[in-house]
Protein chains: 2
Amino acid sequence: MTSAPDQHPLVRKLESITDLTPEERQALLDLPMKVQPIGADQDIVREGDRPSRCCLVLQGFVCRYKMTLPGKRQIMAFHIPGDMPDLQSLHLTVLDHSLGTITRCEVGFIRHEDVRDLVRRFPRIGDAFWRDTLIDAAIFRAWMVGMGRREAYGRIAHLLCEVMTKLRAVGLADGVTCELPITQTELGDALGLSTVHVNRVLQELRGNDLITLRGGTLTVLDWDGLKTAGEFDPAYLQLDREHLDRAA
Amino acid sequence: MTSAPDQHPLVRKLESITDLTPEERQALLDLPMKVQPIGADQDIVREGDRPSRCCLVLQGFVCRYKMTLPGKRQIMAFHIPGDMPDLQSLHLTVLDHSLGTITRCEVGFIRHEDVRDLVRRFPRIGDAFWRDTLIDAAIFRAWMVGMGRREAYGRIAHLLCEVMTKLRAVGLADGVTCELPITQTELGDALGLSTVHVNRVLQELRGNDLITLRGGTLTVLDWDGLKTAGEFDPAYLQLDREHLDRAA
DNA sequence: CGCCTATTTGATCTGATTCAAACAATGTGG
DNA sequence: CCACATTGTTTGAATCAGATCAAATAGGCG
């Protein structure tokens with residue numbers, strides 16, 4: 001397992017999808033940020049909120065989700081250290097979904113005005129932020145294909161490939177093993193499946209010697225097999241060449 | 001039925017989600033654009049392409065879609081006049097999905113450099129574009145909730161509400177009747193359903209006197225009923241107050 | 001140890017798919 | 001203006017992937 005980077009998570013993240021000059025890097029490091037620990041299964045912001053700051057995941061897993069009236073939950077994204085899950089609030093006043101922690105987390109809050117100021121001084125960082133929200137959208141689309149047109153087996157395989165690839169891109173995984181502190185219920189809520197079915201399909205993936213998943217640790221035993229099962233092509237993640245070795 | 005606006009579709013669209021100064025409006029009108037007619041069911045750009053220009057829908061319906069290996073199609077978005085479905089290509093070099101026409105269309109092509117130049121001169125237009133891509137993402141999320149957690153009946157109802165609301169926002173519908181030149185197969189591909197099932201559920205919606213849908217024309221007989229069936233809340237579309245009357 | 005949460009298993013049910021075929025509408029060329 | 005081809009809609013029957021319900025295990029952890 002790769003040890004956590006000693007770099008600023010945001011810098012690390014942005015450098016996985018764009019390149020930064022030293023000045024830009026410094027500007028990111030100088031960004032005023034209020035760091036806050038948050039317990040597991042807590043909301044960070046809620047649907048309907050009108051946030052005046054963005055949040056940056058520093059540690060732990062976060063998800064975006066919506067509830068339906070009958071009380072079903074749909075998770076729309078998982079976020080890892082370095083991600084700014086509600087960057088959109090910079091341009092959309094009212095939040096269309098909630099943001100909650102999966103695990104115990106450390107989150108940094110950055111005021112919108114500071115982000116706006118940063119973007120004004122460094123337009124290329126603004127472009128990178130825009131780019132990041134566009135990649136998020138590409139991920140939504142990839143999930144849509146899964147939910148609409150793939151059955152559970154491939155859908156889960158695809159998600160596992162994606163998480164591993166994203167973690168690897170920011171140095172939190174080596175491409176074989178990674179932390180995946182997500183319950184089967186949460187997986188189901190993300191993929192539009194019931195917990196029971198997720199469980200059975202995971203057993204199938206294990207039975208086919210594609211993965212190991214126990215105690216919050218995922219190990220990919222057969223990357224090609226998993227990729228094939230999930231029809232996973234990492235192009236949509238728009239990662240830099242050097243962040244793609246494993247997935248290529 | 002509302003007659004087509006005599007304004008530039010792009011101006012109309014942007015003014016439905018932001019406000020423009022006269023100079024900004026003029027700059028949009030001056031944007032060099034190569035107009036081109038395209039037949040129905042044609043690809044405009046394809047997954048894997050690296051476009052050097054954006055396209056603007058001037059007339060007709062367009063969709064974004066992906067194919068799976070077994071040849072199933074997932075439509076991820078419908079686009080109407082005023083939309084720029086591949087605005088993202090400005091910041092993402094390789095396209096993660098294809099763009100195809102549903103009906104016969106008229107499409108305007110705008111070179112990336114011209115868009116970049118425009119955005120440089122009018123940063124607020126850049127913000128509006130960013131905002132637009134963020135709204136697209138919000139729509140993806142809304143669809144995800146449907147595909148993952150709603151059954152066919154509500155899913156279809158939600159989509160019909162959305163299309164009507166979007167058309168209305170740009171003056172292409174009065175809130176009761178609109179053109180919906182989408183086949184049941186295409187509806188299925190968008191919602192993750194089979195054509196057969198779409199057909200049966202549409203009959204159910206008709207039977208409950210919620211809608212009429214014949215010959216490419218949708219009429220909403222009972223807006224509240226349809227809204228309720230689809231749990232439709234237009235907040236995610238981030239429309240200006242005045243574009244929301246009907247949906248509120 | 002005992003509580004709480006997560007995983008697992010079994011049995012049953014159902015929304016939606018698939019397959020197959022009939023029907024309607026639209027458009028085309030003669 | 002009609003025969004024909006094509007595309008879209010509708011219907012019926014059989015089947016299935018996945019949901020639901022219910023209950024048993026297995027881990028973690030104070």
# chains A, B, ... in the order shown; residues from 1 in each chain; ligands from 1
>>> closest_atom_pairs(of="chain B", to="chain A", cutoff="6 Å", atoms="only C-alpha atoms", output="JSON lines")
{"residue": "B:Gln74", "atom": "CA", "partner": "A:Val145", "partner_atom": "CA", "distance": 5.6}
{"residue": "B:His91", "atom": "CA", "partner": "A:Arg131", "partner_atom": "CA", "distance": 5.6}
{"residue": "B:Asp96", "atom": "CA", "partner": "A:Tyr236", "partner_atom": "CA", "distance": 5.3}
{"residue": "B:Arg131", "atom": "CA", "partner": "A:His91", "partner_atom": "CA", "distance": 5.6}
{"residue": "B:Ala137", "atom": "CA", "partner": "A:Ala137", "partner_atom": "CA", "distance": 5.2}
{"residue": "B:Val145", "atom": "CA", "partner": "A:Gln74", "partner_atom": "CA", "distance": 5.6}
{"residue": "B:Gly148", "atom": "CA", "partner": "A:Gly192", "partner_atom": "CA", "distance": 3.9}
{"residue": "B:Gly192", "atom": "CA", "partner": "A:Gly148", "partner_atom": "CA", "distance": 3.9}
{"residue": "B:Tyr236", "atom": "CA", "partner": "A:Asp96", "partner_atom": "CA", "distance": 5.3}
>>> select_by_dssp(residues="stretch 14-241 of chain A", states="alpha helix (DSSP H)", output="NGL selection string")
:A and (14-17 or 22-29 or 112-121 or 123-149 or 152-169 or 184-191 or 195-207 or 223-230)
>>> write_last_selection(atoms="C-alpha atoms", output="JSON list (two decimals), in the first residue's frame")
[["chain", "number", "residue", "atom", "x", "y", "z"],
["A", 14, "LEU", "CA", -4.93, 18.95, -9.53],
["A", 15, "GLU", "CA", -1.57, 17.70, -10.71],
["A", 16, "SER", "CA", -3.21, 14.41, -11.56],
["A", 17, "ILE", "CA", -5.41, 16.14, -14.12],
["A", 22, "PRO", "CA", 5.40, 26.78, -8.92],
["A", 23, "GLU", "CA", 3.49, 30.01, -8.38],
["A", 24, "GLU", "CA", 0.18, 28.28, -8.90],
["A", 25, "ARG", "CA", 1.21, 25.53, -6.54],
["A", 26, "GLN", "CA", 2.16, 28.08, -3.92],
["A", 27, "ALA", "CA", -1.10, 29.94, -4.35],
["A", 28, "LEU", "CA", -2.98, 26.73, -3.64],
["A", 29, "LEU", "CA", -0.92, 26.09, -0.55],
["A", 112, "HIS", "CA", -16.07, 31.13, -1.98],
["A", 113, "GLU", "CA", -14.58, 34.60, -2.07],
["A", 114, "ASP", "CA", -11.13, 33.15, -1.53],
["A", 115, "VAL", "CA", -11.63, 30.65, -4.32],
["A", 116, "ARG", "CA", -12.93, 33.37, -6.60],
["A", 117, "ASP", "CA", -9.98, 35.53, -5.75],
["A", 118, "LEU", "CA", -7.58, 32.69, -6.46],
["A", 119, "VAL", "CA", -9.22, 31.97, -9.78],
["A", 120, "ARG", "CA", -9.04, 35.63, -10.73],
["A", 121, "ARG", "CA", -5.34, 35.77, -10.01],
["A", 123, "PRO", "CA", -6.99, 31.77, -14.47],
["A", 124, "ARG", "CA", -5.34, 28.46, -15.25],
["A", 125, "ILE", "CA", -6.35, 27.22, -11.82],
["A", 126, "GLY", "CA", -9.87, 28.29, -12.65],
["A", 127, "ASP", "CA", -9.66, 26.24, -15.82],
["A", 128, "ALA", "CA", -8.39, 23.30, -13.80],
["A", 129, "PHE", "CA", -11.35, 23.62, -11.45],
["A", 130, "TRP", "CA", -13.73, 23.77, -14.36],
["A", 131, "ARG", "CA", -11.98, 20.78, -15.84],
["A", 132, "ASP", "CA", -12.40, 18.94, -12.59],
["A", 133, "THR", "CA", -16.14, 19.52, -12.51],
["A", 134, "LEU", "CA", -16.27, 18.30, -16.10],
["A", 135, "ILE", "CA", -14.50, 15.11, -15.13],
["A", 136, "ASP", "CA", -17.02, 14.64, -12.35],
["A", 137, "ALA", "CA", -19.71, 14.91, -14.97],
["A", 138, "ALA", "CA", -17.94, 12.31, -17.10],
["A", 139, "ILE", "CA", -17.96, 10.00, -14.10],
["A", 140, "PHE", "CA", -21.70, 10.55, -13.69],
["A", 141, "ARG", "CA", -22.14, 9.53, -17.28],
["A", 142, "ALA", "CA", -20.06, 6.41, -16.79],
["A", 143, "TRP", "CA", -22.25, 5.47, -13.84],
["A", 144, "MET", "CA", -25.36, 6.12, -15.90],
["A", 145, "VAL", "CA", -24.25, 3.61, -18.49],
["A", 146, "GLY", "CA", -23.78, 1.10, -15.74],
["A", 147, "MET", "CA", -27.11, 1.72, -14.09],
["A", 148, "GLY", "CA", -29.03, 1.81, -17.32],
["A", 149, "ARG", "CA", -27.36, -0.82, -19.42],
["A", 152, "ALA", "CA", -24.96, -5.89, -11.43],
["A", 153, "TYR", "CA", -21.85, -7.93, -12.04],
["A", 154, "GLY", "CA", -20.33, -5.56, -14.56],
["A", 155, "ARG", "CA", -21.58, -2.53, -12.72],
["A", 156, "ILE", "CA", -19.77, -3.46, -9.54],
["A", 157, "ALA", "CA", -16.64, -4.45, -11.42],
["A", 158, "HIS", "CA", -16.62, -1.08, -13.13],
["A", 159, "LEU", "CA", -16.94, 0.80, -9.88],
["A", 160, "LEU", "CA", -14.10, -1.12, -8.30],
["A", 161, "CYS", "CA", -11.88, -0.35, -11.28],
["A", 162, "GLU", "CA", -12.79, 3.30, -11.07],
["A", 163, "VAL", "CA", -12.11, 3.67, -7.36],
["A", 164, "MET", "CA", -8.80, 1.90, -7.63],
["A", 165, "THR", "CA", -7.76, 4.08, -10.55],
["A", 166, "LYS", "CA", -8.76, 7.30, -8.83],
["A", 167, "LEU", "CA", -6.97, 6.37, -5.62],
["A", 168, "ARG", "CA", -3.91, 5.42, -7.56],
["A", 169, "ALA", "CA", -3.89, 8.72, -9.41],
["A", 184, "GLN", "CA", -22.27, -3.19, 0.85],
["A", 185, "THR", "CA", -25.33, -1.11, 1.55],
["A", 186, "GLU", "CA", -23.50, 1.98, 0.39],
["A", 187, "LEU", "CA", -22.30, 0.17, -2.69],
["A", 188, "GLY", "CA", -25.89, -0.74, -3.40],
["A", 189, "ASP", "CA", -27.05, 2.82, -2.92],
["A", 190, "ALA", "CA", -24.41, 3.94, -5.37],
["A", 191, "LEU", "CA", -25.18, 1.36, -8.01],
["A", 195, "THR", "CA", -27.61, -4.83, -0.29],
["A", 196, "VAL", "CA", -28.47, -8.47, -0.64],
["A", 197, "HIS", "CA", -27.73, -8.48, -4.32],
["A", 198, "VAL", "CA", -24.46, -6.61, -3.89],
["A", 199, "ASN", "CA", -23.42, -9.24, -1.43],
["A", 200, "ARG", "CA", -24.13, -12.11, -3.78],
["A", 201, "VAL", "CA", -22.40, -10.46, -6.71],
["A", 202, "LEU", "CA", -19.32, -9.69, -4.62],
["A", 203, "GLN", "CA", -19.17, -13.36, -3.77],
["A", 204, "GLU", "CA", -19.30, -14.10, -7.46],
["A", 205, "LEU", "CA", -16.43, -11.70, -8.14],
["A", 206, "ARG", "CA", -14.45, -13.36, -5.38],
["A", 207, "GLY", "CA", -15.38, -16.78, -6.67],
["A", 223, "TRP", "CA", -6.91, -6.53, -13.12],
["A", 224, "ASP", "CA", -7.54, -7.53, -16.71],
["A", 225, "GLY", "CA", -10.35, -9.76, -15.69],
["A", 226, "LEU", "CA", -11.96, -7.04, -13.62],
["A", 227, "LYS", "CA", -11.52, -4.49, -16.39],
["A", 228, "THR", "CA", -13.13, -6.82, -18.88],
["A", 229, "ALA", "CA", -15.99, -7.66, -16.55],
["A", 230, "GLY", "CA", -16.74, -3.98, -16.05]]
>>> interface_residues(of="chain D", to="chain B", cutoff="12 Å", atoms="only C-alpha atoms (C1' of nucleotides)", output="ChimeraX atom specification")
/D:7-12,19
>>> closest_atom_pairs(of="chain C", to="chain A", cutoff="12 Å", atoms="only C-alpha atoms (C1' of nucleotides)", output="CSV")
residue,atom,partner,partner_atom,distance
C:DT5,C1',A:Thr183,CA,10.3
C:DA6,C1',A:Thr183,CA,7.3
C:DT7,C1',A:Asn199,CA,7.6
C:DT8,C1',A:Asn199,CA,7.6
C:DT9,C1',A:Val196,CA,9.6
C:DG10,C1',A:Val196,CA,11.5
C:DT17,C1',A:Arg149,CA,11.8
>>> write_last_selection(atoms="C-alpha atoms (C1' of nucleotides)", output="compact mmCIF listing (two decimals), in the first residue's frame")
# COMPACT_ATOMS: atom_id res chain seq x y z
C1' DT C 5 -23.50 -2.88 12.76
C1' DA C 6 -22.25 -5.44 8.63
C1' DT C 7 -22.33 -9.66 6.08
C1' DT C 8 -24.42 -13.76 4.64
C1' DT C 9 -28.08 -17.18 3.44
C1' DG C 10 -32.64 -18.85 2.04
C1' DT C 17 -36.71 -8.06 -20.20
>>> residues_around(residues="C:DG27", least_positions_apart="6", cutoff="12 Å", atoms="only C-alpha atoms (C1' of nucleotides)", output="list of chain:residue names")
D:DC4, D:DA5, D:DT6, D:DT7
>>> write_last_selection(atoms="C-alpha atoms (C1' of nucleotides)", output="CSV table (one decimal), in the first residue's frame")
chain,number,residue,atom,x,y,z
D,4,DC,C1',-44.9,-1.3,-50.9
D,5,DA,C1',-41.2,-0.7,-47.7
D,6,DT,C1',-39.8,1.2,-43.5
D,7,DT,C1',-40.0,2.6,-39.1
>>> residues_around(residues="C:DG2", least_positions_apart="3", cutoff="12 Å", atoms="only C-alpha atoms (C1' of nucleotides)", output="ChimeraX atom specification")
/D:28-30
>>> atom_distance(atom1="atom CA of B:Ile211", atom2="atom CA of B:Thr177")
9.6 Å
